[in-house]
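Structure file data.txt with compact mmCIF, C-alpha atoms:
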```
# COMPACT_ATOMS: atom_id res chain seq x y z
CA MET A 1 11.53 -0.82 26.93
CA SER A 2 12.83 2.71 26.48
CA VAL A 3 10.65 5.66 25.54
CA LYS A 4 12.79 6.03 22.45
CA THR A 5 11.89 2.64 21.00
CA LYS A 6 8.42 1.94 22.43
CA TRP A 7 6.68 3.16 19.25
CA LEU A 8 8.93 0.90 17.15
CA ASN A 9 8.09 -2.10 19.30
CA ALA A 10 4.38 -1.44 18.76
CA ILE A 11 4.84 -2.52 15.14
CA LYS A 12 4.40 -6.18 14.24
CA TRP A 13 7.50 -6.70 12.13
CA ASP A 14 7.29 -9.67 9.75
CA GLU A 15 9.52 -12.76 9.86
CA HIS A 16 12.22 -10.78 8.02
CA GLY A 17 12.00 -7.85 10.45
CA LEU A 18 10.24 -5.71 7.85
CA VAL A 19 7.02 -3.73 7.54
CA PRO A 20 5.32 -2.79 4.25
CA VAL A 21 5.10 0.96 3.60
CA ILE A 22 2.73 2.80 1.28
CA ALA A 23 3.93 6.25 0.18
CA GLN A 24 1.11 8.66 -0.61
CA GLU A 25 1.50 12.20 -1.91
CA VAL A 26 0.29 15.03 0.32
CA GLY A 27 -2.35 17.09 -1.43
CA SER A 28 -3.16 14.88 -4.43
CA ASN A 29 -3.42 11.79 -2.23
CA ASP A 30 -1.91 9.81 -5.12
CA VAL A 31 -0.29 6.55 -4.12
CA LEU A 32 3.28 6.92 -5.32
CA MET A 33 5.03 3.70 -4.41
CA PHE A 34 5.24 0.74 -2.10
CA ALA A 35 8.38 -0.42 -0.32
CA TRP A 36 9.66 -1.93 2.92
CA MET A 37 11.31 -0.66 6.09
CA ASN A 38 13.14 -2.36 8.92
CA ARG A 39 13.48 -0.80 12.39
CA GLU A 40 16.59 1.12 11.43
CA ALA A 41 15.00 2.50 8.25
CA LEU A 42 11.89 3.69 10.09
CA ALA A 43 13.94 5.26 12.90
CA LYS A 44 16.09 7.00 10.28
CA THR A 45 12.96 8.18 8.41
CA VAL A 46 11.70 9.87 11.57
CA GLU A 47 15.12 11.29 12.39
CA LEU A 48 15.65 12.81 8.92
CA GLY A 49 12.03 13.58 8.11
CA GLU A 50 12.74 11.92 4.76
CA ALA A 51 11.86 8.45 3.52
CA VAL A 52 14.50 5.81 4.16
CA TYR A 53 13.54 2.32 3.03
CA TRP A 54 15.13 -1.10 3.29
CA SER A 55 16.11 -2.35 -0.14
CA ARG A 56 15.36 -6.08 -0.18
CA SER A 57 17.31 -6.57 -3.43
CA ARG A 58 20.41 -4.63 -2.35
CA LYS A 59 20.01 -5.62 1.31
CA LYS A 60 20.82 -2.16 2.62
CA LEU A 61 19.21 1.08 3.72
CA TRP A 62 17.97 3.15 0.81
CA HIS A 63 17.56 6.87 1.36
CA LYS A 64 14.99 7.50 -1.37
CA GLY A 65 16.32 10.11 -3.80
CA GLU A 66 19.94 9.73 -2.73
CA GLU A 67 20.93 9.29 -6.39
CA SER A 68 18.03 10.80 -8.33
CA GLY A 69 17.39 13.73 -6.02
CA HIS A 70 13.75 12.65 -5.78
CA ILE A 71 13.62 12.85 -2.00
CA GLN A 72 10.36 12.23 -0.11
CA ARG A 73 9.72 14.64 2.77
CA VAL A 74 7.57 12.97 5.39
CA HIS A 75 4.45 14.79 6.60
CA ASP A 76 2.54 12.05 8.37
CA LEU A 77 3.04 8.45 9.44
CA ARG A 78 0.09 6.14 10.03
CA LEU A 79 -0.12 2.60 11.36
CA ASP A 80 -2.98 0.28 10.49
CA CYS A 81 -5.38 -1.61 12.76
CA ASP A 82 -3.22 -4.76 12.73
CA GLU A 83 -0.06 -2.76 13.44
CA ASP A 84 1.70 -4.36 10.49
CA VAL A 85 1.45 -1.81 7.65
CA ILE A 86 2.54 1.84 7.48
CA LEU A 87 1.00 4.60 5.40
CA MET A 88 3.31 7.55 4.92
CA LYS A 89 2.22 10.93 3.55
CA VAL A 90 5.05 12.59 1.70
CA GLU A 91 5.92 15.62 -0.31
CA GLN A 92 7.55 14.15 -3.41
CA VAL A 93 10.39 16.29 -4.79
CA ASP A 94 9.90 16.92 -8.53
CA SER A 95 6.67 14.90 -8.24
CA ILE A 96 8.56 11.89 -9.59
CA ALA A 97 8.58 8.80 -7.37
CA CYS A 98 9.21 6.02 -9.90
CA HIS A 99 12.63 4.95 -11.17
CA THR A 100 11.12 4.96 -14.68
CA GLY A 101 10.74 8.74 -14.41
CA ARG A 102 7.01 8.62 -13.79
CA HIS A 103 4.96 10.31 -11.08
CA SER A 104 3.82 7.04 -9.54
CA CYS A 105 5.00 3.44 -9.78
CA PHE A 106 1.41 2.35 -10.47
CA TYR A 107 1.26 3.29 -14.14
CA GLN A 108 0.02 -0.01 -15.59
CA ARG A 109 -3.76 -0.31 -15.72
CA PHE A 110 -5.64 -3.55 -16.15
CA GLU A 111 -7.84 -3.50 -19.24
CA GLY A 112 -9.98 -6.54 -19.69
CA ASN A 113 -12.41 -8.80 -17.87
CA ALA A 114 -12.70 -12.34 -16.53
CA ALA A 115 -12.16 -13.71 -20.05
CA GLY A 116 -8.72 -12.12 -20.27
CA GLY A 117 -6.91 -8.83 -20.27
CA GLU A 118 -3.64 -6.99 -20.18
CA TRP A 119 -1.70 -4.39 -18.19
CA VAL A 120 -1.49 -1.21 -20.25
CA THR A 121 0.94 1.63 -19.53
CA VAL A 122 -1.23 4.72 -19.14
CA ASP A 123 0.97 7.33 -17.42
CA PRO A 124 3.69 9.39 -19.11
CA VAL A 125 7.42 9.46 -18.41
CA LEU A 126 8.12 12.91 -16.95
CA LYS A 127 11.90 12.63 -16.95
CA ASP A 128 14.33 10.39 -18.82
CA PRO A 129 15.77 7.87 -16.31
CA ASN A 130 19.15 8.39 -18.02
CA ASP A 131 19.07 11.94 -16.68
CA MET A 132 18.05 10.77 -13.23
CA TYR A 133 20.88 8.37 -12.40
CA LYS A 134 24.18 9.88 -13.50
CA MET B 1 -0.14 -19.39 -21.89
CA SER B 2 -3.80 -18.72 -22.51
CA VAL B 3 -5.24 -15.29 -23.17
CA LYS B 4 -7.33 -15.77 -20.06
CA THR B 5 -4.36 -16.04 -17.69
CA LYS B 6 -1.63 -14.03 -19.45
CA TRP B 7 -2.33 -10.94 -17.34
CA LEU B 8 -2.13 -13.04 -14.15
CA ASN B 9 1.21 -14.48 -15.21
CA ALA B 10 2.57 -10.97 -15.69
CA ILE B 11 2.47 -10.53 -11.91
CA LYS B 12 5.51 -11.52 -9.88
CA TRP B 13 3.82 -13.53 -7.13
CA ASP B 14 5.88 -13.85 -3.96
CA GLU B 15 7.21 -17.10 -2.49
CA HIS B 16 3.77 -17.75 -0.97
CA GLY B 17 1.99 -17.11 -4.29
CA LEU B 18 0.67 -13.77 -3.04
CA VAL B 19 0.76 -10.13 -4.12
CA PRO B 20 0.24 -7.13 -1.80
CA VAL B 21 -2.83 -5.03 -2.60
CA ILE B 22 -3.51 -1.42 -1.62
CA ALA B 23 -7.19 -0.44 -1.62
CA GLN B 24 -7.78 3.25 -2.34
CA GLU B 25 -11.14 5.00 -2.35
CA VAL B 26 -12.34 6.47 -5.64
CA GLY B 27 -12.91 10.19 -5.30
CA SER B 28 -11.29 10.93 -1.95
CA ASN B 29 -8.18 8.95 -2.90
CA ASP B 30 -7.99 7.86 0.75
CA VAL B 31 -6.00 4.69 1.33
CA LEU B 32 -8.49 2.37 3.02
CA MET B 33 -6.62 -0.82 3.70
CA PHE B 34 -3.87 -3.19 2.71
CA ALA B 35 -4.26 -6.92 2.13
CA TRP B 36 -3.07 -9.80 -0.03
CA MET B 37 -4.38 -11.71 -3.03
CA ASN B 38 -3.42 -14.99 -4.63
CA ARG B 39 -4.18 -15.80 -8.28
CA GLU B 40 -7.63 -17.12 -7.48
CA ALA B 41 -8.52 -14.06 -5.39
CA LEU B 42 -7.44 -11.65 -8.11
CA ALA B 43 -9.26 -13.61 -10.83
CA LYS B 44 -12.37 -13.64 -8.64
CA THR B 45 -12.02 -9.89 -7.99
CA VAL B 46 -12.07 -9.22 -11.72
CA GLU B 47 -14.91 -11.66 -12.30
CA LEU B 48 -17.15 -10.15 -9.58
CA GLY B 49 -15.97 -6.56 -9.84
CA GLU B 50 -15.67 -6.69 -6.05
CA ALA B 51 -12.62 -7.11 -3.85
CA VAL B 52 -11.78 -10.70 -2.96
CA TYR B 53 -8.64 -11.08 -0.86
CA TRP B 54 -6.66 -14.02 0.44
CA SER B 55 -6.86 -14.16 4.22
CA ARG B 56 -3.43 -15.23 5.45
CA SER B 57 -4.73 -15.88 8.98
CA ARG B 58 -7.78 -17.91 7.92
CA LYS B 59 -6.03 -19.35 4.86
CA LYS B 60 -9.02 -18.89 2.59
CA LEU B 61 -10.58 -16.52 0.10
CA TRP B 62 -12.16 -13.52 1.75
CA HIS B 63 -14.87 -11.69 -0.17
CA LYS B 64 -14.53 -8.34 1.58
CA GLY B 65 -17.86 -7.34 3.13
CA GLU B 66 -19.32 -10.86 3.02
CA GLU B 67 -20.24 -10.54 6.70
CA SER B 68 -20.28 -6.80 7.36
CA GLY B 69 -21.85 -5.79 4.06
CA HIS B 70 -18.95 -3.39 3.49
CA ILE B 71 -18.27 -4.55 -0.04
CA GLN B 72 -15.62 -2.85 -2.21
CA ARG B 73 -16.65 -2.27 -5.82
CA VAL B 74 -13.59 -2.23 -8.03
CA HIS B 75 -13.14 0.70 -10.42
CA ASP B 76 -9.50 0.39 -11.43
CA LEU B 77 -6.63 -2.03 -11.02
CA ARG B 78 -3.04 -0.89 -11.31
CA LEU B 79 0.23 -2.82 -11.32
CA ASP B 80 3.51 -1.22 -10.26
CA CYS B 81 6.81 -0.93 -12.14
CA ASP B 82 8.19 -4.12 -10.55
CA GLU B 83 4.97 -6.05 -11.27
CA ASP B 84 4.74 -7.14 -7.66
CA VAL B 85 2.24 -4.75 -6.03
CA ILE B 86 -1.38 -3.93 -6.96
CA LEU B 87 -3.21 -0.66 -6.38
CA MET B 88 -6.96 -1.05 -6.51
CA LYS B 89 -9.38 1.87 -6.71
CA VAL B 90 -12.65 0.99 -5.05
CA GLU B 91 -16.01 2.37 -4.14
CA GLN B 92 -16.32 1.50 -0.45
CA VAL B 93 -19.88 0.64 0.60
CA ASP B 94 -20.88 2.67 3.68
CA SER B 95 -17.42 4.30 3.51
CA ILE B 96 -16.26 1.86 6.20
CA ALA B 97 -13.31 -0.35 5.30
CA CYS B 98 -11.89 -1.23 8.72
CA HIS B 99 -13.15 -4.05 10.93
CA THR B 100 -13.03 -1.54 13.82
CA GLY B 101 -15.86 0.39 12.16
CA ARG B 102 -13.60 3.16 10.88
CA HIS B 103 -13.34 4.62 7.38
CA SER B 104 -9.73 3.51 6.93
CA CYS B 105 -7.48 1.01 8.68
CA PHE B 106 -4.78 3.68 8.99
CA TYR B 107 -6.22 5.55 11.95
CA GLN B 108 -3.15 5.58 14.22
CA ARG B 109 -0.87 8.57 13.68
CA PHE B 110 2.70 8.79 14.85
CA GLU B 111 3.24 11.72 17.21
CA GLY B 112 6.81 12.24 18.28
CA ASN B 113 10.30 12.54 16.94
CA ALA B 114 13.63 10.68 16.93
CA ALA B 115 13.74 10.89 20.73
CA GLY B 116 10.53 8.89 21.08
CA GLY B 117 6.87 8.92 20.24
CA GLU B 118 3.61 7.04 20.16
CA TRP B 119 0.85 5.93 17.82
CA VAL B 120 -2.29 7.93 18.57
CA THR B 121 -5.78 6.99 17.38
CA VAL B 122 -7.05 10.03 15.49
CA ASP B 123 -10.01 8.81 13.42
CA PRO B 124 -13.51 8.12 14.78
CA VAL B 125 -15.44 4.86 14.87
CA LEU B 126 -18.34 5.34 12.45
CA LYS B 127 -20.17 2.13 13.30
CA ASP B 128 -20.03 -0.18 16.29
CA PRO B 129 -18.28 -3.42 15.22
CA ASN B 130 -20.86 -5.33 17.30
CA ASP B 131 -23.44 -4.14 14.78
CA MET B 132 -21.25 -5.08 11.82
CA TYR B 133 -20.68 -8.76 12.50
CA LYS B 134 -23.88 -10.41 13.63
```
So that I can check it, write out the structure of this file as structure tokens.
Amino acid sequence: MSVKTKWLNAIKWDEHGLVPVIAQEVGSNDVLMFAWMNREALAKTVELGEAVYWSRSRKKLWHKGEESGHIQRVHDLRLDCDEDVILMKVEQVDSIACHTGRHSCFYQRFEGNAAGGEWVTVDPVLKDPNDMYK
Amino acid sequence: MSVKTKWLNAIKWDEHGLVPVIAQEVGSNDVLMFAWMNREALAKTVELGEAVYWSRSRKKLWHKGEESGHIQRVHDLRLDCDEDVILMKVEQVDSIACHTGRHSCFYQRFEGNAAGGEWVTVDPVLKDPNDMYK
């Protein structure tokens, strides 16, 4: 096991070779988004100092912000007690992480109780997605 | 579709009937842990107002804190833009979420660069696990 990859081998990759990643904003501590990385994506993230995920739908590396410009600069990488989840502190360019043009992907709040409820959109769109992906 | 379950059906459960859940502390905004819920766990979480996860290893509902006393009181539930991840704001009893007796499960920080690195434990144990699970 080389020194270069020892830290990658410490991670318990799932049956698809992926690890879940939580992106949290430096300063505000807001949780911005959740995505997945494979070994190559995580190695690339460390190399660039910018978030590179594995897109499960497109089945390819996804350098976050490559189209929208909403790059995530990595400040800190944390691994959990079970070595199977990563928490990444990032500086979010333009403070917009979501493809809908919102600050965070978690903009739908549950309003209700055990008898029933609904997910209500509570956060504003900061930028028109049509202006983000041209 | 009944009013009672409409909000549960809005979630895109994975092939195992699960959804990933990020637990974040109210106030500090610290990310405490990451776990999974099935429909029953999420319904129970809303009913009790306390975090109930699905333990993938034990294959049963896991009322967080049932043994250790480190209950999580739920303040807010959020769903992401793809409807397949939940962010849960909680009040963490005793401020200890991790089974190792630490505040957060994300206590190992990456120190290194593209040439190599390691995961270093940087957060203290607040309570001896031997005193947590008796």
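For Val21 of chain A, the non-local neighbours within 10 Å, defined as residues at least 3 positions apart in the same chain or in other chains and counting only C-alpha atoms, are Leu18, Gln24, Met33, Phe34, Ala35, Trp36, Met37, Leu42, Tyr53, Leu77, Arg78, Leu79, Asp84, Val85, Ile86, Leu87 and Met88 of chain A; Phe34 of chain B.
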(request) Kindly provide, as a ChimeraX atom specification, the residues of chain B having any atom no farther than 6 Å from an atom of chain A, counting only C-alpha atoms. (result) /B:3-4,7,29,46-47,77-81,105-106,108-110,114-118
Least-squares superpose chain A onto chain B - every C-alpha atom, paired in order - and show me the moved coordinates as an mmCIF file with C-alpha atoms, in the coordinates of the input.
```cif
data_model
loop_
_atom_site.group_PDB
_atom_site.id
_atom_site.type_symbol
_atom_site.label_atom_id
_atom_site.label_comp_id
_atom_site.auth_asym_id
_atom_site.auth_seq_id
_atom_site.Cartn_x
_atom_site.Cartn_y
_atom_site.Cartn_z
ATOM 1 C CA MET A 1 -0.168 -19.454 -21.920
ATOM 2 C CA SER A 2 -3.842 -18.749 -22.516
ATOM 3 C CA VAL A 3 -5.253 -15.294 -23.159
ATOM 4 C CA LYS A 4 -7.338 -15.760 -20.045
ATOM 5 C CA THR A 5 -4.378 -16.045 -17.687
ATOM 6 C CA LYS A 6 -1.635 -14.048 -19.438
ATOM 7 C CA TRP A 7 -2.325 -10.932 -17.330
ATOM 8 C CA LEU A 8 -2.128 -13.038 -14.151
ATOM 9 C CA ASN A 9 1.207 -14.489 -15.201
ATOM 10 C CA ALA A 10 2.575 -10.971 -15.694
ATOM 11 C CA ILE A 11 2.477 -10.535 -11.915
ATOM 12 C CA LYS A 12 5.518 -11.515 -9.868
ATOM 13 C CA TRP A 13 3.834 -13.520 -7.134
ATOM 14 C CA ASP A 14 5.890 -13.843 -3.940
ATOM 15 C CA GLU A 15 7.220 -17.104 -2.481
ATOM 16 C CA HIS A 16 3.770 -17.744 -0.972
ATOM 17 C CA GLY A 17 1.990 -17.107 -4.283
ATOM 18 C CA LEU A 18 0.677 -13.766 -3.037
ATOM 19 C CA VAL A 19 0.749 -10.130 -4.115
ATOM 20 C CA PRO A 20 0.243 -7.135 -1.798
ATOM 21 C CA VAL A 21 -2.825 -5.019 -2.597
ATOM 22 C CA ILE A 22 -3.505 -1.417 -1.622
ATOM 23 C CA ALA A 23 -7.191 -0.433 -1.618
ATOM 24 C CA GLN A 24 -7.784 3.244 -2.332
ATOM 25 C CA GLU A 25 -11.143 5.001 -2.341
ATOM 26 C CA VAL A 26 -12.344 6.471 -5.633
ATOM 27 C CA GLY A 27 -12.942 10.188 -5.311
ATOM 28 C CA SER A 28 -11.305 10.923 -1.947
ATOM 29 C CA ASN A 29 -8.202 8.941 -2.893
ATOM 30 C CA ASP A 30 -7.989 7.849 0.756
ATOM 31 C CA VAL A 31 -6.010 4.688 1.342
ATOM 32 C CA LEU A 32 -8.492 2.378 3.022
ATOM 33 C CA MET A 33 -6.634 -0.839 3.703
ATOM 34 C CA PHE A 34 -3.870 -3.184 2.704
ATOM 35 C CA ALA A 35 -4.270 -6.911 2.132
ATOM 36 C CA TRP A 36 -3.082 -9.804 -0.020
ATOM 37 C CA MET A 37 -4.375 -11.712 -3.032
ATOM 38 C CA ASN A 38 -3.413 -14.993 -4.632
ATOM 39 C CA ARG A 39 -4.171 -15.809 -8.285
ATOM 40 C CA GLU A 40 -7.618 -17.127 -7.474
ATOM 41 C CA ALA A 41 -8.520 -14.061 -5.392
ATOM 42 C CA LEU A 42 -7.431 -11.647 -8.123
ATOM 43 C CA ALA A 43 -9.258 -13.615 -10.835
ATOM 44 C CA LYS A 44 -12.372 -13.635 -8.639
ATOM 45 C CA THR A 45 -12.011 -9.876 -7.990
ATOM 46 C CA VAL A 46 -12.068 -9.217 -11.731
ATOM 47 C CA GLU A 47 -14.917 -11.655 -12.299
ATOM 48 C CA LEU A 48 -17.143 -10.149 -9.576
ATOM 49 C CA GLY A 49 -15.968 -6.557 -9.844
ATOM 50 C CA GLU A 50 -15.675 -6.686 -6.052
ATOM 51 C CA ALA A 51 -12.618 -7.099 -3.853
ATOM 52 C CA VAL A 52 -11.770 -10.680 -2.956
ATOM 53 C CA TYR A 53 -8.632 -11.077 -0.865
ATOM 54 C CA TRP A 54 -6.654 -14.020 0.447
ATOM 55 C CA SER A 55 -6.858 -14.153 4.219
ATOM 56 C CA ARG A 56 -3.418 -15.222 5.444
ATOM 57 C CA SER A 57 -4.732 -15.866 8.975
ATOM 58 C CA ARG A 58 -7.779 -17.900 7.919
ATOM 59 C CA LYS A 59 -6.018 -19.339 4.859
ATOM 60 C CA LYS A 60 -9.015 -18.899 2.585
ATOM 61 C CA LEU A 61 -10.560 -16.510 0.094
ATOM 62 C CA TRP A 62 -12.161 -13.513 1.752
ATOM 63 C CA HIS A 63 -14.860 -11.687 -0.168
ATOM 64 C CA LYS A 64 -14.528 -8.325 1.575
ATOM 65 C CA GLY A 65 -17.867 -7.350 3.119
ATOM 66 C CA GLU A 66 -19.307 -10.858 3.011
ATOM 67 C CA GLU A 67 -20.223 -10.549 6.703
ATOM 68 C CA SER A 68 -20.270 -6.802 7.344
ATOM 69 C CA GLY A 69 -21.846 -5.780 4.057
ATOM 70 C CA HIS A 70 -18.941 -3.390 3.493
ATOM 71 C CA ILE A 71 -18.272 -4.551 -0.049
ATOM 72 C CA GLN A 72 -15.616 -2.855 -2.206
ATOM 73 C CA ARG A 73 -16.653 -2.273 -5.825
ATOM 74 C CA VAL A 74 -13.597 -2.221 -8.046
ATOM 75 C CA HIS A 75 -13.143 0.714 -10.431
ATOM 76 C CA ASP A 76 -9.516 0.391 -11.444
ATOM 77 C CA LEU A 77 -6.637 -2.037 -11.025
ATOM 78 C CA ARG A 78 -3.033 -0.893 -11.327
ATOM 79 C CA LEU A 79 0.235 -2.808 -11.310
ATOM 80 C CA ASP A 80 3.504 -1.217 -10.260
ATOM 81 C CA CYS A 81 6.805 -0.935 -12.133
ATOM 82 C CA ASP A 82 8.194 -4.116 -10.538
ATOM 83 C CA GLU A 83 4.991 -6.039 -11.267
ATOM 84 C CA ASP A 84 4.745 -7.140 -7.649
ATOM 85 C CA VAL A 85 2.230 -4.757 -6.028
ATOM 86 C CA ILE A 86 -1.371 -3.927 -6.965
ATOM 87 C CA LEU A 87 -3.204 -0.670 -6.372
ATOM 88 C CA MET A 88 -6.960 -1.041 -6.529
ATOM 89 C CA LYS A 89 -9.399 1.875 -6.714
ATOM 90 C CA VAL A 90 -12.662 0.987 -5.055
ATOM 91 C CA GLU A 91 -16.009 2.376 -4.137
ATOM 92 C CA GLN A 92 -16.320 1.494 -0.455
ATOM 93 C CA VAL A 93 -19.885 0.647 0.606
ATOM 94 C CA ASP A 94 -20.885 2.677 3.689
ATOM 95 C CA SER A 95 -17.426 4.288 3.499
ATOM 96 C CA ILE A 96 -16.270 1.865 6.192
ATOM 97 C CA ALA A 97 -13.315 -0.352 5.283
ATOM 98 C CA CYS A 98 -11.900 -1.219 8.714
ATOM 99 C CA HIS A 99 -13.141 -4.037 10.945
ATOM 100 C CA THR A 100 -13.036 -1.540 13.836
ATOM 101 C CA GLY A 101 -15.857 0.390 12.155
ATOM 102 C CA ARG A 102 -13.609 3.153 10.881
ATOM 103 C CA HIS A 103 -13.327 4.618 7.391
ATOM 104 C CA SER A 104 -9.733 3.509 6.933
ATOM 105 C CA CYS A 105 -7.487 0.998 8.683
ATOM 106 C CA PHE A 106 -4.788 3.677 8.980
ATOM 107 C CA TYR A 107 -6.212 5.546 11.956
ATOM 108 C CA GLN A 108 -3.140 5.579 14.213
ATOM 109 C CA ARG A 109 -0.869 8.571 13.678
ATOM 110 C CA PHE A 110 2.707 8.786 14.855
ATOM 111 C CA GLU A 111 3.238 11.713 17.209
ATOM 112 C CA GLY A 112 6.788 12.238 18.280
ATOM 113 C CA ASN A 113 10.316 12.539 16.944
ATOM 114 C CA ALA A 114 13.630 10.686 16.936
ATOM 115 C CA ALA A 115 13.744 10.888 20.745
ATOM 116 C CA GLY A 116 10.536 8.885 21.067
ATOM 117 C CA GLY A 117 6.871 8.904 20.250
ATOM 118 C CA GLU A 118 3.614 7.042 20.166
ATOM 119 C CA TRP A 119 0.841 5.926 17.809
ATOM 120 C CA VAL A 120 -2.280 7.939 18.586
ATOM 121 C CA THR A 121 -5.770 6.990 17.400
ATOM 122 C CA VAL A 122 -7.032 10.022 15.497
ATOM 123 C CA ASP A 123 -10.008 8.796 13.435
ATOM 124 C CA PRO A 124 -13.505 8.121 14.783
ATOM 125 C CA VAL A 125 -15.446 4.861 14.872
ATOM 126 C CA LEU A 126 -18.345 5.333 12.443
ATOM 127 C CA LYS A 127 -20.169 2.124 13.305
ATOM 128 C CA ASP A 128 -20.039 -0.202 16.304
ATOM 129 C CA PRO A 129 -18.261 -3.423 15.212
ATOM 130 C CA ASN A 130 -20.865 -5.327 17.265
ATOM 131 C CA ASP A 131 -23.446 -4.131 14.752
ATOM 132 C CA MET A 132 -21.243 -5.071 11.823
ATOM 133 C CA TYR A 133 -20.656 -8.767 12.500
ATOM 134 C CA LYS A 134 -23.901 -10.375 13.625
#
```
(request) Report the distance between atom CA of Trp62 of chain A and atom CA of Val74 of chain A in Å, rounded to one decimal place. (result)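 That distance, rounded to one decimal, is 15.0 Å.
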(request) Go ahead and compute the interatomic distance for atom CA of Val90 of chain B and atom CA of Ala51 of chain B, in Å to one decimal. (result)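 For atom CA of Val90 of chain B relative to atom CA of Ala51 of chain B, the distance reads 8.2 Å.
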(request) Tell me, in Å to one decimal, how far atom CA of Leu126 of chain B is from atom CA of Lys59 of chain B. (result) 28.6 Å
To test the calculation: enclose all listed atoms of segment 43-46 of chain A in a box whose edges run along x, y and z, add 3 Å on each side, then state centre and edge lengths in Å to one decimal, as lines of an AutoDock Vina configuration file.
```
center_x = 13.9
center_y = 7.6
center_z = 10.7
size_x = 10.4
size_y = 10.6
size_z = 10.5
```
(message) Need the shell around Asp128 of chain A: protein/DNA/RNA residues with any atom at most 6 Å away, counting all atoms listed in the file. Skip same-chain ones fewer than 2 positions apart. Format as a PyMOL selection string?
(response) chain A and resi 101+130-131
(request) Can you work out which one of B:Asp94, B:Glu15, B:Glu25, B:Asp123 has the shortest atom-to-atom distance to Ser68 of chain B, counting only C-alpha atoms? (result) B:Asp94
